[in-house]
Structure formats: structure tokens, C-alpha cells
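Content type mmCIF, C-alpha atoms, from the file entry29.cif:
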data_work
loop_
_atom_site.label_atom_id
_atom_site.label_comp_id
_atom_site.auth_asym_id
_atom_site.auth_seq_id
_atom_site.Cartn_x
_atom_site.Cartn_y
_atom_site.Cartn_z
CA MET A 1 147.57 182.50 127.77
CA ASN A 2 147.93 178.87 128.69
CA LEU A 3 144.65 177.07 129.32
CA SER A 4 144.70 173.74 131.13
CA PRO A 5 142.12 170.99 130.40
CA LEU A 6 140.41 171.94 133.67
CA HIS A 7 139.78 175.42 132.23
CA PHE A 8 138.07 173.87 129.20
CA CYS A 9 135.92 171.64 131.42
CA LEU A 10 134.80 174.61 133.51
CA LEU A 11 134.05 176.73 130.42
CA PHE A 12 132.02 173.81 129.00
CA SER A 13 129.98 173.45 132.16
CA SER A 14 129.38 177.21 132.54
CA GLY A 15 128.20 177.36 128.92
CA LEU A 16 125.79 174.49 129.53
CA PHE A 17 124.56 176.12 132.75
CA CYS A 18 123.86 179.42 130.99
CA ILE A 19 122.01 177.72 128.11
CA GLY A 20 119.83 175.99 130.69
CA LEU A 21 119.33 179.24 132.58
CA ILE A 22 118.34 181.20 129.46
CA GLY A 23 115.97 178.39 128.44
CA ALA A 24 114.35 178.19 131.87
CA LEU A 25 113.89 181.97 132.05
CA SER A 26 112.70 182.66 128.52
CA ARG A 27 110.34 179.81 127.63
CA ARG A 28 106.70 179.69 128.63
CA ASN A 29 106.19 175.98 128.13
CA ALA A 30 106.45 174.12 131.44
CA ILE A 31 108.23 171.11 129.91
CA LEU A 32 110.93 173.29 128.34
CA VAL A 33 111.48 175.09 131.65
CA LEU A 34 111.97 171.70 133.33
CA LEU A 35 114.43 170.64 130.63
CA GLY A 36 116.39 173.84 131.21
CA ILE A 37 116.59 173.03 134.92
CA GLU A 38 117.80 169.52 134.04
CA LEU A 39 120.56 171.06 131.90
CA MET A 40 121.67 173.24 134.82
CA LEU A 41 121.81 170.17 137.09
CA ASN A 42 123.90 168.36 134.48
CA ALA A 43 126.31 171.29 134.33
CA ALA A 44 126.79 171.02 138.10
CA ASN A 45 127.52 167.28 137.77
CA LEU A 46 130.03 168.07 135.04
CA ASN A 47 131.88 170.37 137.43
CA PHE A 48 132.02 167.66 140.10
CA ILE A 49 133.59 165.22 137.63
CA ALA A 50 136.05 167.82 136.28
CA PHE A 51 137.32 168.78 139.72
CA TRP A 52 137.52 165.11 140.72
CA ARG A 53 139.50 164.18 137.60
CA PHE A 54 142.05 166.95 138.05
CA SER A 55 142.28 166.83 141.83
CA PRO A 56 145.62 165.91 143.45
CA ASN A 57 144.25 162.62 144.77
CA PRO A 58 141.47 161.18 142.57
CA GLU A 59 141.77 157.78 144.31
CA ASN A 60 139.25 158.72 147.00
CA GLY A 61 136.48 159.17 144.40
CA HIS A 62 134.47 161.75 146.30
CA GLY A 63 133.44 163.49 143.08
CA ILE A 64 132.02 160.29 141.60
CA LEU A 65 130.10 159.46 144.77
CA PHE A 66 128.62 162.95 144.84
CA VAL A 67 127.55 162.72 141.18
CA VAL A 68 125.91 159.31 141.72
CA PHE A 69 123.73 160.76 144.50
CA SER A 70 123.11 163.94 142.51
CA ILE A 71 121.88 161.98 139.47
CA ALA A 72 119.48 160.02 141.70
CA VAL A 73 118.02 163.25 143.11
CA ALA A 74 117.78 164.72 139.60
CA ALA A 75 115.82 161.68 138.42
CA ALA A 76 113.38 162.07 141.31
CA GLU A 77 113.06 165.77 140.49
CA ALA A 78 112.31 165.06 136.83
CA ALA A 79 109.58 162.56 137.75
CA VAL A 80 107.88 164.92 140.20
CA GLY A 81 108.23 167.87 137.80
CA LEU A 82 106.60 166.05 134.93
CA ALA A 83 103.82 164.81 137.22
CA LEU A 84 103.21 168.46 138.14
CA VAL A 85 103.08 169.34 134.43
CA ILE A 86 100.42 166.66 133.86
CA SER A 87 98.51 167.95 136.90
CA ILE A 88 98.63 171.54 135.57
CA TYR A 89 97.40 170.29 132.20
CA ARG A 90 94.46 168.57 133.84
CA HIS A 91 93.37 171.81 135.47
CA GLN A 92 93.83 174.37 132.70
CA LYS A 93 94.02 172.23 129.53
CA ASN A 94 97.40 173.66 128.51
CA ILE A 95 100.87 173.90 130.04
CA ARG A 96 101.66 177.58 129.51
CA LEU A 97 103.22 178.80 132.74
CA PRO A 98 101.99 182.45 132.73
CA GLU A 99 98.43 181.13 132.81
CA ALA A 100 99.11 178.86 135.80
CA THR A 101 98.22 181.47 138.40
CA ARG A 102 95.87 179.46 140.58
CA LEU A 103 97.12 177.08 143.22
CA LYS A 104 93.84 175.24 143.72
CA GLY A 105 90.73 174.63 141.66
CA MET B 1 145.98 165.22 128.58
CA ASN B 2 144.50 165.51 125.10
CA THR B 3 141.94 168.31 124.89
CA ALA B 4 140.85 167.84 121.24
CA PRO B 5 138.12 165.25 122.06
CA LEU B 6 136.98 167.44 124.94
CA ILE B 7 136.49 170.48 122.70
CA LEU B 8 134.64 168.37 120.12
CA ILE B 9 132.34 166.90 122.80
CA ALA B 10 131.76 170.32 124.33
CA LEU B 11 130.86 171.97 121.02
CA THR B 12 128.44 169.17 120.07
CA THR B 13 126.76 169.18 123.48
CA LEU B 14 126.44 172.97 123.67
CA ALA B 15 125.13 173.24 120.10
CA THR B 16 122.45 170.57 120.59
CA ALA B 17 121.43 172.05 123.94
CA ALA B 18 121.17 175.57 122.50
CA VAL B 19 119.12 174.44 119.50
CA ALA B 20 116.86 172.39 121.82
CA MET B 21 116.23 175.38 124.08
CA ALA B 22 115.56 177.72 121.15
CA GLY B 23 113.40 175.28 119.18
CA ARG B 24 109.74 175.67 118.31
CA ASN B 25 108.82 171.99 118.32
CA LEU B 26 108.69 170.18 121.67
CA ILE B 27 109.42 166.72 120.22
CA HIS B 28 112.48 168.05 118.39
CA SER B 29 113.66 169.73 121.60
CA ALA B 30 113.32 166.52 123.59
CA LEU B 31 115.17 164.47 120.97
CA LEU B 32 117.97 167.04 120.67
CA LEU B 33 118.38 167.03 124.44
CA VAL B 34 118.89 163.25 124.25
CA ALA B 35 121.90 163.99 122.02
CA SER B 36 123.07 166.60 124.50
CA TRP B 37 122.84 164.16 127.42
CA ALA B 38 124.74 161.56 125.38
CA GLY B 39 127.45 164.18 124.83
CA ILE B 40 127.69 164.71 128.58
CA ALA B 41 128.06 160.93 128.98
CA ALA B 42 130.90 161.07 126.43
CA PHE B 43 132.54 163.76 128.56
CA TYR B 44 132.32 161.48 131.62
CA LEU B 45 133.98 158.72 129.58
CA TRP B 46 136.73 161.17 128.55
CA ALA B 47 137.25 162.04 132.21
CA ALA B 48 137.65 158.32 133.07
CA ALA B 49 134.42 158.19 135.11
CA GLU B 50 132.97 155.14 133.37
CA PHE B 51 130.37 154.25 135.97
CA VAL B 52 128.90 157.76 135.93
CA ALA B 53 128.89 157.74 132.13
CA PHE B 54 126.80 154.55 132.03
CA ALA B 55 124.55 155.84 134.80
CA GLN B 56 124.02 159.00 132.74
CA ILE B 57 123.10 156.97 129.65
CA LEU B 58 120.75 154.70 131.61
CA ILE B 59 119.00 157.45 133.54
CA TYR B 60 118.94 160.42 131.17
CA VAL B 61 119.20 158.98 127.66
CA GLY B 62 117.03 156.00 128.61
CA GLY B 63 114.74 157.10 131.41
CA VAL B 64 114.23 160.84 131.70
CA SER B 65 113.92 161.26 127.92
CA MET B 66 111.11 158.69 127.80
CA VAL B 67 109.31 160.40 130.69
CA VAL B 68 109.66 163.76 128.91
CA LEU B 69 108.34 162.33 125.63
CA PHE B 70 105.35 160.81 127.43
CA ALA B 71 104.66 164.13 129.16
CA VAL B 72 104.83 165.94 125.80
CA LEU B 73 102.42 163.49 124.20
CA LEU B 74 100.02 163.46 127.18
CA THR B 75 99.74 167.24 127.41
CA ARG B 76 99.02 168.29 123.85
CA ASN B 77 95.62 169.25 122.61
CA SER B 78 96.06 168.82 118.89
CA ARG B 79 98.74 168.20 116.34
CA ALA B 80 99.21 171.93 115.82
CA GLU B 81 99.82 172.37 119.55
CA LEU B 82 103.24 170.74 119.22
CA ALA B 83 104.55 173.84 117.50
CA ILE B 84 104.75 176.17 120.48
CA SER B 85 103.41 179.68 120.08
CA THR B 86 106.03 182.39 119.92
CA ASP B 87 107.26 183.44 123.32
CA SER B 88 107.23 187.11 124.19
CA PHE B 89 110.14 189.10 122.78
CA SER B 90 110.90 191.21 125.85
CA ARG B 91 110.99 188.08 128.01
CA ALA B 92 113.53 186.48 125.69
CA ILE B 93 115.70 189.62 125.70
CA ALA B 94 115.61 189.79 129.51
CA ALA B 95 116.53 186.09 129.78
CA LEU B 96 119.38 186.53 127.30
CA LEU B 97 120.71 189.51 129.26
CA ALA B 98 120.55 187.66 132.58
CA GLY B 99 122.10 184.48 131.16
CA GLY B 100 124.77 186.44 129.29
CA ALA B 101 125.69 188.34 132.45
CA VAL B 102 126.01 185.10 134.43
CA PHE B 103 128.09 183.58 131.63
CA GLY B 104 130.36 186.64 131.51
CA ILE B 105 130.95 186.55 135.25
CA LEU B 106 131.68 182.80 135.18
CA VAL B 107 134.06 183.00 132.20
CA GLY B 108 135.88 185.99 133.70
CA ALA B 109 136.33 184.19 136.99
CA ILE B 110 137.51 180.98 135.30
CA LEU B 111 139.98 182.65 132.94
CA ARG B 112 141.54 184.74 135.72
CA THR B 113 142.05 181.77 138.02
CA PRO B 114 145.35 179.92 137.67
CA LEU B 115 144.13 176.31 137.55
CA THR B 116 146.92 173.89 136.90
CA GLY B 117 145.11 170.66 137.72
CA SER B 118 146.98 167.47 138.45
CA THR B 119 146.85 164.86 135.71
CA ARG B 120 147.27 161.83 137.93
CA SER B 121 145.44 158.82 136.56
CA PRO B 122 142.44 157.82 138.70
CA ALA B 123 142.91 154.18 137.71
CA ALA B 124 142.93 153.13 141.36
CA PHE B 125 139.27 154.14 141.65
CA ASN B 126 137.31 151.52 139.71
CA VAL B 127 133.76 150.25 139.97
CA ARG B 128 134.75 147.72 142.64
CA THR B 129 136.09 150.46 144.91
CA LEU B 130 132.98 152.54 144.19
CA GLY B 131 130.73 149.67 145.25
CA LEU B 132 132.71 149.10 148.43
CA GLU B 133 132.57 152.82 149.23
CA LEU B 134 128.80 152.96 148.61
CA MET B 135 128.13 149.91 150.77
CA GLY B 136 130.62 150.83 153.48
CA THR B 137 131.32 154.47 154.24
CA HIS B 138 128.28 155.87 152.47
CA ALA B 139 125.70 153.18 153.27
CA ALA B 140 123.51 155.63 155.21
CA ALA B 141 123.48 158.08 152.29
CA LEU B 142 122.55 155.24 149.93
CA LEU B 143 119.60 154.27 152.15
CA ILE B 144 118.44 157.89 152.38
CA ILE B 145 118.63 158.33 148.62
CA GLY B 146 116.55 155.16 148.23
CA ILE B 147 113.91 156.55 150.57
CA ILE B 148 113.92 159.90 148.73
CA LEU B 149 113.44 158.15 145.38
CA THR B 150 110.59 155.99 146.70
CA VAL B 151 108.78 158.92 148.29
CA ALA B 152 109.30 161.15 145.22
CA LEU B 153 108.03 158.52 142.79
CA LEU B 154 104.99 157.74 144.98
CA GLY B 155 104.31 161.48 145.15
CA ALA B 156 104.59 161.73 141.38
CA VAL B 157 102.02 158.94 140.97
CA VAL B 158 99.64 160.63 143.42
CA LEU B 159 100.04 163.99 141.64
CA ALA B 160 99.50 162.59 138.18
CA ALA B 161 96.64 160.22 139.07
CA PRO B 162 93.20 161.40 137.95
CA GLU B 163 90.95 162.67 140.70
CA PRO B 164 88.06 160.32 141.56
CA PRO B 165 84.57 161.61 140.64
CA GLU B 166 82.73 163.41 143.42
CA ASP B 167 79.98 160.82 143.80
CA ALA B 168 82.30 157.86 144.10
CA PRO B 169 81.32 155.49 146.89
#
When written as C-alpha cells, how does the structure in this file appear?
Amino acid sequence: MNLSPLHFCLLFSSGLFCIGLIGALSRRNAILVLLGIELMLNAANLNFIAFWRFSPNPENGHGILFVVFSIAVAAAEAAVGLALVISIYRHQKNIRLPEATRLKG
Amino acid sequence: MNTAPLILIALTTLATAAVAMAGRNLIHSALLLVASWAGIAAFYLWAAAEFVAFAQILIYVGGVSMVVLFAVLLTRNSRAELAISTDSFSRAIAALLAGGAVFGILVGAILRTPLTGSTRSPAAFNVRTLGLELMGTHAAALLIIGIILTVALLGAVVLAAPEPPEDAP
């Protein structure tokens, strides 16, 4: 079986995505769940770059442009997520997600 | 194209990410994820996407990691709280099953797809072209992303700000 570099890139990004997925599903700490989601976002960016690098015409740079915008959205998401974590902590004095069952109060 | 650096980068990144997700100490997890994000930046460098690599280092290794560390330190009750209590066993098994199934499907699909991939050098696309593209064709998208960032950061400040006492004037 002959694997091209693109195969390796895709395997790398799917491994990273699944580590993030398992982390986000299994942990109860809100910060670790957020970090798992960040890993999944990074895996998606990795795929954009891999397909851009091995595309027939990389001169147009669509992959790079998409990743630049995606990183900006991911940064906004991280800031809002961690603000939510601090807000949860203020209400229930810990950040364990199974205990965060109330929306208000 | 040489795949040896790619495999090295991939193994380092995956190992640090896995240890960070499985760890018991939040600070250790956050610091290991910094290494993982740096590995992803190394992958971008390998793929000749220099601008994205430096953006990744600036935003993730520099910015998001600091925000995460501040969140960890602001939301702990005591020193012992940093060591997270053991998560439930059945939950971990279910997550492993779900993640393993997704990974199996992805790997099966990737290995059965004949991907040749052109190896043309993207040297024609440098930072100058990227800047011209961002300011020309994609200027509207750049403005919208700026508005999204402003609104999201203002929202984060409002969410995290302490509530004023009830009897405030």
C-alpha cells in the first residue's frame, strides 16, 4: 500500500480530532471540555492546510484564507467559553459540568 | 515530499494532546496543550504556510493558553482542587467507544481513498499576495470577522464581569 503525504496529513488530523472528541465527551471539568473543542477546531484547520498544500493549484491560497478566518473565530470562541466558565464558577463555586443544571440563579 | 518530519511532528502533537486530555492536573494539561499547539504550528511550517504558522503561535501558544491559565487559576477553590476528581468510569468508556468509532470510520475512509495529491510548490502565494487578497477580494469578510471579534470579546467581558450589588444606586 502506497501512502501519499496527504494520507499522513489526514490521518494526523483525524487522530487529533478524535482525541479532542474523547476529551470533550469524557471529562467533567468545563475547562478541559473547552480545550477538547479547541483541539477539534485545530484538526479542522489542519485539514484545510493539507488540502491546500496538495491541491493542483495552491497559488490561489483559498485554504490559507479560510484558516485565517477560522483561527479568528476560534479565538473569539475561546474567549466567550472561558468567560462562561468564570460565570458558572461564580454561581456554583465549582466548574463541574454535571452540576451545572440551572440556567438562571 | 519528505514525510519523516511530518510523522515526527504528528506523533509529538498527538502524544502531548492525548496526555493533556487524560491528565489529572489542569495546569499540566494546559501546558501540554501549549506543546501540542506548537506542534500544529510546526506542521503549518512544514506545509509551507508560514503566515498561518506564526498566527497559530501568536494566537494559541501566546493568547489562548494565557486565557486558559487565567481561567484555571480564577476558578479553583484550593490548592487541592487543581487535581481533578476522578471522572466516572462508564462515561470514559462511552466516550472512548464513540471516539474510537469515529476514528475507525475516518481512517477507513482515508485509507480506501486514492489520494495522489499534487506536489506543486505554493511559492507563488506569499504573505504579500495574502495581504492583497485579504484587502481586495475578501475585504468584506475581514470586516465581518472584525465585528464578530469585537462583539464576542465585549460579550465575554459582560459575562465575566461581577454582578453589581442589589442596592447599588
List as a tab-separated table (two decimals) with C-alpha atoms, in the frame of the given file the protein and nucleic acid residues near Thr119 of chain B, meaning an atom at most 8 Å away when all atoms listed in the file are counted, but skip any in the same chain fewer than 4 places from it.
chain	number	residue	atom	x	y	z
A	53	ARG	CA	139.50	164.18	137.60
A	54	PHE	CA	142.05	166.95	138.05
A	55	SER	CA	142.28	166.83	141.83
A	56	PRO	CA	145.62	165.91	143.45
B	1	MET	CA	145.98	165.22	128.58
Residues selected by the PyMOL selection byres ((chain B and resi 143-152) around 12), written as JSON, numbers by chain: {"A": [66, 68, 69, 70, 71, 72, 73, 74, 75, 76, 77, 78, 79, 80, 81, 82, 83, 84], "B": [134, 135, 136, 137, 138, 139, 140, 141, 142, 153, 154, 155, 156, 157, 158, 159]}
Contacts between chain A and chain B, please, where a residue of chain B counts if it comes within 6 Å (with all atoms listed in the file); show its shortest atom pair and distance in Å to one decimal, rows by chain and ascending number, as JSON lines.
{"residue": "B:Ala10", "atom": "CA", "partner": "A:Phe12", "partner_atom": "CA", "distance": 5.8}
{"residue": "B:Met21", "atom": "CA", "partner": "A:Gly23", "partner_atom": "CA", "distance": 5.3}
{"residue": "B:Arg91", "atom": "CA", "partner": "A:Ser26", "partner_atom": "CA", "distance": 5.7}
{"residue": "B:Ala92", "atom": "CA", "partner": "A:Ser26", "partner_atom": "CA", "distance": 4.8}
{"residue": "B:Ala95", "atom": "CA", "partner": "A:Ile22", "partner_atom": "CA", "distance": 5.2}
{"residue": "B:Leu96", "atom": "CA", "partner": "A:Ile22", "partner_atom": "CA", "distance": 5.8}
{"residue": "B:Gly99", "atom": "CA", "partner": "A:Ile22", "partner_atom": "CA", "distance": 5.3}
{"residue": "B:Phe103", "atom": "CA", "partner": "A:Cys18", "partner_atom": "CA", "distance": 6.0}
{"residue": "B:Gly117", "atom": "CA", "partner": "A:Phe54", "partner_atom": "CA", "distance": 4.8}
{"residue": "B:Ser118", "atom": "CA", "partner": "A:Phe54", "partner_atom": "CA", "distance": 5.0}
{"residue": "B:Thr119", "atom": "CA", "partner": "A:Phe54", "partner_atom": "CA", "distance": 5.7}
{"residue": "B:Pro122", "atom": "CA", "partner": "A:Pro58", "partner_atom": "CA", "distance": 5.2}
{"residue": "B:Ala124", "atom": "CA", "partner": "A:Glu59", "partner_atom": "CA", "distance": 5.6}
{"residue": "B:Phe125", "atom": "CA", "partner": "A:Glu59", "partner_atom": "CA", "distance": 5.2}
{"residue": "B:Leu149", "atom": "CA", "partner": "A:Ala76", "partner_atom": "CA", "distance": 5.7}
{"residue": "B:Ala152", "atom": "CA", "partner": "A:Ala76", "partner_atom": "CA", "distance": 5.7}
{"residue": "B:Ala156", "atom": "CA", "partner": "A:Val80", "partner_atom": "CA", "distance": 4.7}
{"residue": "B:Leu159", "atom": "CA", "partner": "A:Ala83", "partner_atom": "CA", "distance": 5.9}
{"residue": "B:Ala160", "atom": "CA", "partner": "A:Ala83", "partner_atom": "CA", "distance": 5.0}
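If you look at atom CA of Ala94 of chain B and atom CA of Thr113 of chain B, they are 28.9 Å away from each other.
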Best match for closeness to Ala35 of chain B among B:Pro114, B:Val52, B:Tyr60, B:Gly23, counting only C-alpha atoms: B:Tyr60
Can you turn the PyMOL selection byres ((chain B and resi 26-33) around 9) into a concrete residue list for this file, as a short mmCIF file (atom, residue, chain, number, x, y, z; two decimals) with C-alpha atoms, in the coordinates of the input?
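And here's selection.cif as it stands now:
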data_model
loop_
_atom_site.label_atom_id
_atom_site.label_comp_id
_atom_site.auth_asym_id
_atom_site.auth_seq_id
_atom_site.Cartn_x
_atom_site.Cartn_y
_atom_site.Cartn_z
CA ILE A 31 108.23 171.11 129.91
CA LEU A 32 110.93 173.29 128.34
CA LEU A 35 114.43 170.64 130.63
CA LEU A 39 120.56 171.06 131.90
CA THR B 13 126.76 169.18 123.48
CA THR B 16 122.45 170.57 120.59
CA ALA B 17 121.43 172.05 123.94
CA VAL B 19 119.12 174.44 119.50
CA ALA B 20 116.86 172.39 121.82
CA MET B 21 116.23 175.38 124.08
CA ALA B 22 115.56 177.72 121.15
CA GLY B 23 113.40 175.28 119.18
CA ARG B 24 109.74 175.67 118.31
CA ASN B 25 108.82 171.99 118.32
CA VAL B 34 118.89 163.25 124.25
CA ALA B 35 121.90 163.99 122.02
CA SER B 36 123.07 166.60 124.50
CA TRP B 37 122.84 164.16 127.42
CA ALA B 38 124.74 161.56 125.38
CA VAL B 61 119.20 158.98 127.66
CA SER B 65 113.92 161.26 127.92
CA VAL B 68 109.66 163.76 128.91
CA LEU B 69 108.34 162.33 125.63
CA VAL B 72 104.83 165.94 125.80
CA LEU B 73 102.42 163.49 124.20
CA LEU B 82 103.24 170.74 119.22
CA ALA B 83 104.55 173.84 117.50
CA ILE B 84 104.75 176.17 120.48
#
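One distance worth recording is that between atom CA of Phe48 of chain A and atom CA of Phe54 of chain B, which is 16.3 Å.
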Segment 39-42 of chain A, all listed atoms, 4 Å padding on each side: what axis-aligned box centre and edge lengths in Å to one decimal come out, as AutoDock Vina command-line options?
--center_x 122.2 --center_y 170.8 --center_z 134.5 --size_x 11.3 --size_y 12.9 --size_z 13.2
Atom pair atom CA of Asn77 of chain B / atom CA of Ile59 of chain B: separation (Å): 28.4 Å
Segment 33-47 of chain B dumped to file, N, CA and C atoms, as a CSV table (one decimal), in the first residue's frame:
chain,number,residue,atom,x,y,z
B,33,LEU,N,-0.9,21.2,26.3
B,33,LEU,CA,-1.6,21.7,25.1
B,33,LEU,C,-0.9,22.8,24.4
B,34,VAL,N,-0.1,23.6,25.2
B,34,VAL,CA,0.7,24.6,24.5
B,34,VAL,C,1.7,23.9,23.6
B,35,ALA,N,2.3,22.8,24.1
B,35,ALA,CA,3.2,22.0,23.2
B,35,ALA,C,2.5,21.4,22.0
B,36,SER,N,1.3,21.0,22.2
B,36,SER,CA,0.5,20.4,21.1
B,36,SER,C,0.2,21.5,20.1
B,37,TRP,N,-0.2,22.7,20.5
B,37,TRP,CA,-0.4,23.8,19.6
B,37,TRP,C,0.9,24.2,18.8
B,38,ALA,N,2.0,24.2,19.5
B,38,ALA,CA,3.3,24.5,18.9
B,38,ALA,C,3.6,23.4,17.8
B,39,GLY,N,3.2,22.1,18.1
B,39,GLY,CA,3.4,21.1,17.1
B,39,GLY,C,2.6,21.4,15.9
B,40,ILE,N,1.3,21.8,16.1
B,40,ILE,CA,0.5,22.1,14.9
B,40,ILE,C,1.1,23.3,14.1
B,41,ALA,N,1.7,24.3,14.8
B,41,ALA,CA,2.4,25.4,14.1
B,41,ALA,C,3.5,24.8,13.3
B,42,ALA,N,4.3,23.8,13.8
B,42,ALA,CA,5.4,23.2,13.1
B,42,ALA,C,4.8,22.5,11.8
B,43,PHE,N,3.6,21.9,12.0
B,43,PHE,CA,3.1,21.3,10.8
B,43,PHE,C,2.8,22.3,9.7
B,44,TYR,N,2.2,23.5,10.1
B,44,TYR,CA,1.9,24.5,9.1
B,44,TYR,C,3.2,25.0,8.5
B,45,LEU,N,4.3,25.1,9.2
B,45,LEU,CA,5.6,25.4,8.6
B,45,LEU,C,6.0,24.4,7.6
B,46,TRP,N,5.8,23.1,8.0
B,46,TRP,CA,6.2,22.0,7.1
B,46,TRP,C,5.4,22.1,5.8
B,47,ALA,N,4.1,22.5,5.9
B,47,ALA,CA,3.3,22.6,4.7
B,47,ALA,C,3.5,23.9,4.0
